[in-house]
Every structure is written in structure tokens, then in C-alpha cells.
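Undergrad: Before we start, here is the structure in question, set down as C-alpha cells.
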Amino acid sequence: MSFSVHLPLIAPSRWLVVVILMVAGSVSGRAELPPLAEKYCTACHLPPEPGVMTREHWTQVFGFMSVWIKEKNLPFDQAEYNSLLAEYLAASPEAFQPPVLPTSPPGLEFRQMPLGREPASTRPVITGLFPIDLDGDGREEILVGDDDEGRITRLSFGEAGWREETVFEVPAPSRVIALDYDGDGLQDLAVGSYGDIRPSDSLIGSVWLLRNQGDGTYDPQPLLVDCARVSDLRAGDFNGDGKMDLLVAQFGWRTSGGLVWLEQVSPTSFVSHEIAQANGALQAEVLDYDGDGALDFVVLFSQQHETLLLFRNRGAGEGFENRILARGPHPAFGSSGFSAVDLDQDGDLDFLWTNGDMMDEIPLRKPYHGLRWLENRGGDLVPHELLRMPACYRAVAHDLDGDGDLDIAVSSLHFQWDIEDFPSLVWLENDGKEGFTVRPLIHSPSNLASLVAGDFDGDGLPDLVVGGMHVPGPLGRVGRITGLLGLRPAAAAER
């Protein structure tokens, strides 16, 4: 059985909410687009405006876009294409303005220290940090995806301090989740793997189920192999039969990727259902979006789509229908992640959306990189730009200063700090009314692709833990896993 959809996905209905994020200062009215942009762009994505890229890079962009146009057998006239390029060159900026540095003091005191093992190389690559309470003591440990060592490890704090031990060996782990999939009262683990973090359409992804043996060990079983690179993995009973299923997001690259529902038929049997065929599925959140009792999910598609998409569960095993919740204004938007959180604590779920991907063909810091809050107002999503930040990558809502409201920690994967410096980790202090003050925390280490918050050492104070992905950029601000521990408000004089 298959419930397939294909992007672009625009299916209007009476309850569809589409938010086009028009970023002030970088995207102007659509009427200013060169006429030929509609012809040569809309078959794959929203047409970008000249101002989203600097002049020196448009020739490169047009070069590889022409290859893809021809590969798809779309209409192409070289003279027209050259004319369109000339229009883009004439209307684009020579350079982007430098970012505005936060001037507020940090506002928090903390202990900064490396956690866990020594790096296995000069360029450690942490692919994910996943807080999970494995031993049931009420305090979360952190499961670590390490591409350097090709394994999942468990980082925990005890009487002897911080300890890290191997859980499972797998290349380029992308996600670990905990679930009692067979109802025996033991926490099992499910693991997704890219196979390789480098861009590829090769079928090298996989999904593994680690069955808890009850003695601290796991029995690994492959559920999905030789598939497009797996970027995310979530659990839920999607057909209401009382058994735990898995949602698999496959990023792929250009021609591969999509969404797969692994339906659990029995403790030893899963059936794969294709839900969507599209490259760039980056992250997913499982939730009952419409309150009908059936689990839906929201997926962020990056690449040329730049779309936050709701898959509404029809119920009774009838599959899913898709609706656009929000869409970036152009294909260079660079989505890097999102999360569902009730930021204003009014009883409904909002979304935090980061964009700042620089790890593509043109590794350029763009002025529209940053963090946006999509506020849920009675089902309508109202966008608020909270932060401009080069290479903005992760955002986590947490009460960092202990005043009862949700602040936001934000990290960046900015690897050009030797050219243009900017904090790699900041926090947005909430004034209790969702007014935010941007405060810098650290500049080093850099390349912080992973960020989690919680009380991981049990001292009653919040901690932030970050993981470095030091693939691009110079050496010098390297850190594998770094803790900012015991966060508490700084002296009033510093505020």
C-alpha cells in the first residue's frame, strides 16, 4: 500500500494556512522579478529575486541550474538564458552588508568545559545530540551521533563525573529515538543513518531497531537498508492499532529522498509505505495538529522546496493528506531546522524555524539567515523574525534564566569566522511577553550543528550542550562536545 505525494505541494483547502516569509531587506515584491524568471525557475521552485545572491555568484548559480534544466528536459533557449543572467547580474548587490553583532552582555554565568571523549581527529564531526532518560532516574543522558567514529555513544553524568560509552556502531548517525516498540516495559532505541554526511543520491541510508535486552545491551535489527540518506526518525501509532510505528525522513540529495511510514504489523514485522517522494526532507515532528485524536506530522523540506509541510492523518489507516503551513520566499533560503514548542505558553503549538545552511555549492553568509517564530493564533501562523544570525543552525526553547518563561538558545554553523567573526552561540532572553534581547554566549568552539538544553548534571540548573561539525572552515575553534553548565543569571550590574 502506498500513499504518495510529490512536491511542489500546493493543495488549497478551507483550513490551509500558507505563510510566505518575506524577509525585510533581502526580498522585495514579486513584481520586480525579471519576466523570464517565471519560465526558467517555476518548474522546480519559487523564482528567486536578484537580491538573494551577490553579483559574483549568480554566474555560478546559472551554470549549474542550466545543467539541471537540461537534465529535466525543460524548455531551454541559450540566448534567453543569457539575457536572464544579465538581468540578474545588473540587479544584484556587489556584496552583502556585514552582520550586526549583539551588543548586550551575556546575562548568564556558566562553566564551559569539553565533555566526553577526546576527538578522534582534528576535525570532529558530531551529527546529533539526543537527550533521553535511558535508566529511568528522571535525568536525561545524551545520546551522541559521532560521524568520526561511526557510532552512537551515551554521555552521562554520575558520581565519577562525565562518562561516555559506545551503544551502537553505524556510519553517519542522524537520529536516535527511544520507544517501547513491543510493549515489554523496556526502552528500545531506533537509529537513523545518513550512510555518509556528504551530499549523495546513493542508496546508503538505513534504519535500525535496537531491542533492549534488559541487561544494558541491545540487539540490533535492520528495518530499512539501501535507501536514500535518512535525516530524521520519529515514532508514533499512526493507524491507531496500538502498535508503535516509525516515520522515516529521507533527505537524499537531488533526485532521491522522501517520507516512509514503517507500519508495525507484529514485533518481528514492519511494512513500508511510501508517503512522499521528494528530496530534502530534513526534520519531522509528530503531533496531533488538528486535535482529532489521530497523529499527524509536520516535515521541513529544504533544498529547493524550503517548505514546512503538514501531513494530516485521515485516520483508520487511510493515509495522509498534505498541506503547506509555511514556505520560505526563495530557494536560497537555506532551512537548517525547526521545532514545535508553545513559546508563548498559551496552550497551542508554535514553531521555531532556523535558516542558515552554508554547506552547499556557494558557501556564502547571507543577510536573511536567522530565526523565525511562527506564532499559532487560532490556527493561523503569524511569522515573527527574532534574529539575524550568519549560518543560523539550531534553536532550542528553554527557561535558561529561571524566571518561568521560555528563552531561546541559538547556535550557528558559521565556518568563516576567520574572515568575519560572530558568536557561535547566543541566547534570546524572553521578557515574559515574547520580547527578546539577543545576548552572546561563546565564540569558540565554532561550527555548532547540534544543540540541546536540560539539566544533565542534576544540579537543578539548566545546561546547554553543543556538538561541533568541523567539516568546512579553518581549524582553531574546534570542539567535539562542549557543555555550558549551571546557567544562572549574571550579576544585575552586568544586565
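Within each chain, counting starts at residue 1; across the C-alpha cells, chains are named A, B, ... in the order shown, with ligands numbered 1 upward in that order.
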Within 7 Å of stretch 142-158 of chain A, counting only C-alpha atoms, which residues show up once you throw out same-chain ones fewer than 4 positions away? Write them as number ranges by chain, please.

TA: A: 116, 120, 124-132, 162-174, 456-457

Undergrad: Report as JSON, numbers by chain: the residues of stretch 36-134 of chain A with a DSSP assignment of helix (DSSP H, G or I), based on the backbone of this structure.

TA: {"A": [36, 37, 38, 39, 40, 41, 50, 51, 52, 55, 56, 57, 58, 59, 60, 61, 62, 63, 64, 65, 66, 67, 68, 69, 70, 71, 78, 79, 80, 81, 82, 83, 84, 85, 86, 87, 88, 89, 90, 91]}

Undergrad: So which one's closest to A:Arg372, A:Trp417, A:Phe351, A:Trp261, A:Tyr194? Using only C-alpha atoms, please.

TA: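 Looking only at the distances to A:Arg372, the closest residue turns out to be A:Phe351.
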
Undergrad: Among stretch 285-375 of chain A, which ones does DSSP assign to strand (DSSP E) (computed from the backbone)? Answer as a VMD selection string.

TA: chain A and resid 285 to 287 296 to 301 307 to 313 320 to 327 335 to 341 350 to 355 370 to 375

Undergrad: Contacts of A:Ala284 at 9 Å or less, counting only C-alpha atoms, minus same-chain residues fewer than 2 places along, as a PyMOL selection string?

TA: chain A and resi 232-234+247-249+281-282+286+297-300+338-339

Undergrad: Leaving out A:Asn279 and any residue of its chain fewer than 2 positions from it, which residues lie within 6 Å of it when counting only C-alpha atoms, given as a list in words?

TA: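 Returned residues: Phe251, Gly252, Trp253, Arg254, Ser256, Gly257, Gly258 and Ala281 of chain A.
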
Undergrad: Write out the residues from the selection above, keeping N, CA, C and O atoms, as a PDB file, in the first residue's frame.

TA:
ATOM      1  N   PHE A 251      16.489  12.440   3.420  1.00  0.00           N
ATOM      2  CA  PHE A 251      16.954  13.667   2.769  1.00  0.00           C
ATOM      3  C   PHE A 251      17.383  13.409   1.333  1.00  0.00           C
ATOM      4  O   PHE A 251      17.098  14.196   0.436  1.00  0.00           O
ATOM      5  N   GLY A 252      18.093  12.280   1.142  1.00  0.00           N
ATOM      6  CA  GLY A 252      18.638  12.037  -0.193  1.00  0.00           C
ATOM      7  C   GLY A 252      19.585  13.145  -0.587  1.00  0.00           C
ATOM      8  O   GLY A 252      20.458  13.551   0.171  1.00  0.00           O
ATOM      9  N   TRP A 253      19.355  13.697  -1.770  1.00  0.00           N
ATOM     10  CA  TRP A 253      20.116  14.886  -2.186  1.00  0.00           C
ATOM     11  C   TRP A 253      19.333  15.625  -3.273  1.00  0.00           C
ATOM     12  O   TRP A 253      18.531  16.493  -2.981  1.00  0.00           O
ATOM     13  N   ARG A 254      19.526  15.267  -4.533  1.00  0.00           N
ATOM     14  CA  ARG A 254      18.852  15.979  -5.621  1.00  0.00           C
ATOM     15  C   ARG A 254      17.717  15.161  -6.240  1.00  0.00           C
ATOM     16  O   ARG A 254      16.659  15.709  -6.550  1.00  0.00           O
ATOM     17  N   SER A 256      16.861  11.848  -5.012  1.00  0.00           N
ATOM     18  CA  SER A 256      16.343  10.845  -4.081  1.00  0.00           C
ATOM     19  C   SER A 256      15.834  11.527  -2.821  1.00  0.00           C
ATOM     20  O   SER A 256      16.162  12.673  -2.538  1.00  0.00           O
ATOM     21  N   GLY A 257      15.028  10.794  -2.060  1.00  0.00           N
ATOM     22  CA  GLY A 257      14.522  11.319  -0.796  1.00  0.00           C
ATOM     23  C   GLY A 257      13.025  11.189  -0.692  1.00  0.00           C
ATOM     24  O   GLY A 257      12.329  10.858  -1.656  1.00  0.00           O
ATOM     25  N   GLY A 258      12.513  11.430   0.509  1.00  0.00           N
ATOM     26  CA  GLY A 258      11.073  11.379   0.725  1.00  0.00           C
ATOM     27  C   GLY A 258      10.717  10.965   2.135  1.00  0.00           C
ATOM     28  O   GLY A 258      11.535  11.062   3.065  1.00  0.00           O
ATOM     29  N   ALA A 281      13.951  16.184   2.589  1.00  0.00           N
ATOM     30  CA  ALA A 281      13.214  16.042   3.851  1.00  0.00           C
ATOM     31  C   ALA A 281      14.217  16.106   4.999  1.00  0.00           C
ATOM     32  O   ALA A 281      15.043  15.214   5.163  1.00  0.00           O
TER      33      ALA A 281
END

Undergrad: Which of these residues is nearest to A:Leu246, using only C-alpha atoms: A:Gln277, A:Ala178, A:His330, A:Arg365?

TA: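 Residue with the minimum atom-to-atom distance to A:Leu246: A:Ala178.
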
Undergrad: Quick one: everything within 7 Å of A:Pro93, counting only C-alpha atoms, minus sequence neighbours fewer than 6 positions away in the same chain. Send it as a list in words.

TA: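 Surrounding residues, per the criterion: Gly51, Thr54 and Arg55 of chain A.
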
Undergrad: Please produce a file of those selected residues containing all heavy atoms, as a compact mmCIF listing (two decimals), in the first residue's frame.

TA:
# COMPACT_ATOMS: atom_id res chain seq x y z
N GLY A 51 18.32 40.01 -5.48
CA GLY A 51 18.96 40.42 -4.25
C GLY A 51 19.30 39.31 -3.28
O GLY A 51 19.93 39.55 -2.26
N THR A 54 24.83 37.49 -4.24
CA THR A 54 25.72 38.55 -4.69
C THR A 54 26.06 38.37 -6.17
O THR A 54 25.96 37.28 -6.72
CB THR A 54 27.01 38.58 -3.86
OG1 THR A 54 27.62 37.28 -3.91
CG2 THR A 54 26.71 38.94 -2.42
N ARG A 55 26.49 39.47 -6.77
CA ARG A 55 26.69 39.50 -8.22
C ARG A 55 27.70 38.46 -8.70
O ARG A 55 27.49 37.79 -9.71
CB ARG A 55 27.15 40.90 -8.62
CG ARG A 55 27.21 41.15 -10.11
CD ARG A 55 27.39 42.63 -10.38
NE ARG A 55 26.29 43.39 -9.78
CZ ARG A 55 26.31 44.71 -9.59
NH1 ARG A 55 27.37 45.41 -9.96
NH2 ARG A 55 25.28 45.31 -9.03

Undergrad: Considering only C-alpha atoms, state which residue in the set A:Leu115, A:Leu374, A:Ala395, A:Ala228 is at the smallest distance from A:Asp196.

TA: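 Using only C-alpha atoms, A:Asp196 sits closest to A:Ala228.
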
Undergrad: Just the residues within 10 Å of A:Trp58, please, counting only C-alpha atoms, with nothing from its chain fewer than 2 positions along; format it as a PyMOL selection string.

TA: chain A and resi 50+52-56+60-63+85-86+88-89+92+362

Undergrad: Would you mind exporting the chosen residues as a short mmCIF file (atom, residue, chain, number, x, y, z; two decimals), in the first residue's frame, restricted to N, CA, C and O atoms?

TA:
data_model
loop_
_atom_site.label_atom_id
_atom_site.label_comp_id
_atom_site.auth_asym_id
_atom_site.auth_seq_id
_atom_site.Cartn_x
_atom_site.Cartn_y
_atom_site.Cartn_z
N PRO A 50 16.89 38.87 -7.63
CA PRO A 50 18.32 39.11 -7.77
C PRO A 50 19.03 39.40 -6.44
O PRO A 50 20.21 39.05 -6.27
N VAL A 52 18.91 38.06 -3.58
CA VAL A 52 19.19 36.98 -2.63
C VAL A 52 20.59 36.40 -2.80
O VAL A 52 21.01 35.56 -2.02
N MET A 53 21.33 36.86 -3.83
CA MET A 53 22.68 36.37 -4.08
C MET A 53 23.54 37.54 -4.55
O MET A 53 23.05 38.47 -5.18
N THR A 54 24.83 37.49 -4.24
CA THR A 54 25.72 38.55 -4.69
C THR A 54 26.06 38.37 -6.17
O THR A 54 25.96 37.28 -6.72
N ARG A 55 26.49 39.47 -6.77
CA ARG A 55 26.69 39.50 -8.22
C ARG A 55 27.70 38.46 -8.70
O ARG A 55 27.49 37.79 -9.71
N GLU A 56 28.79 38.31 -7.96
CA GLU A 56 29.84 37.40 -8.43
C GLU A 56 29.41 35.94 -8.44
O GLU A 56 30.02 35.10 -9.10
N GLN A 60 27.75 31.47 -11.44
CA GLN A 60 27.91 30.08 -10.99
C GLN A 60 26.56 29.40 -10.80
O GLN A 60 26.35 28.26 -11.21
N VAL A 61 25.62 30.12 -10.17
CA VAL A 61 24.29 29.57 -9.95
C VAL A 61 23.62 29.23 -11.28
O VAL A 61 23.06 28.14 -11.46
N PHE A 62 23.67 30.17 -12.22
CA PHE A 62 23.05 29.93 -13.53
C PHE A 62 23.72 28.76 -14.25
O PHE A 62 23.06 28.03 -15.01
N GLY A 63 25.00 28.55 -14.00
CA GLY A 63 25.71 27.45 -14.64
C GLY A 63 25.16 26.10 -14.23
O GLY A 63 24.78 25.28 -15.08
N LEU A 85 20.35 35.99 -17.21
CA LEU A 85 21.53 36.13 -16.36
C LEU A 85 21.99 37.58 -16.31
O LEU A 85 22.32 38.11 -15.24
N ALA A 86 21.99 38.26 -17.45
CA ALA A 86 22.41 39.66 -17.49
C ALA A 86 21.51 40.53 -16.61
O ALA A 86 21.99 41.45 -15.92
N TYR A 88 19.88 39.51 -13.91
CA TYR A 88 20.20 39.21 -12.52
C TYR A 88 21.51 39.87 -12.10
O TYR A 88 21.62 40.40 -10.98
N LEU A 89 22.49 39.85 -12.97
CA LEU A 89 23.76 40.49 -12.64
C LEU A 89 23.59 41.99 -12.44
O LEU A 89 24.18 42.59 -11.53
N SER A 92 21.64 42.63 -8.92
CA SER A 92 22.11 42.03 -7.66
C SER A 92 23.16 42.90 -6.99
O SER A 92 23.84 43.70 -7.63
N ILE A 362 27.50 27.17 -2.96
CA ILE A 362 28.03 28.52 -2.72
C ILE A 362 27.99 28.78 -1.22
O ILE A 362 26.95 29.16 -0.69
#

Undergrad: Can you tell me which residues surround A:Leu84 at a distance of at most 9 Å, considering only C-alpha atoms, apart from same-chain residues fewer than 5 positions away, and format the answer as a ChimeraX atom specification?

TA: /A:34-37,79,89

Undergrad: For a quick check of understanding, using only C-alpha atoms, which of A:His414, A:Arg229, A:Arg488, A:Arg123 has the smallest distance to A:Pro363?

TA: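 Using only C-alpha atoms, A:Pro363 sits closest to A:His414.
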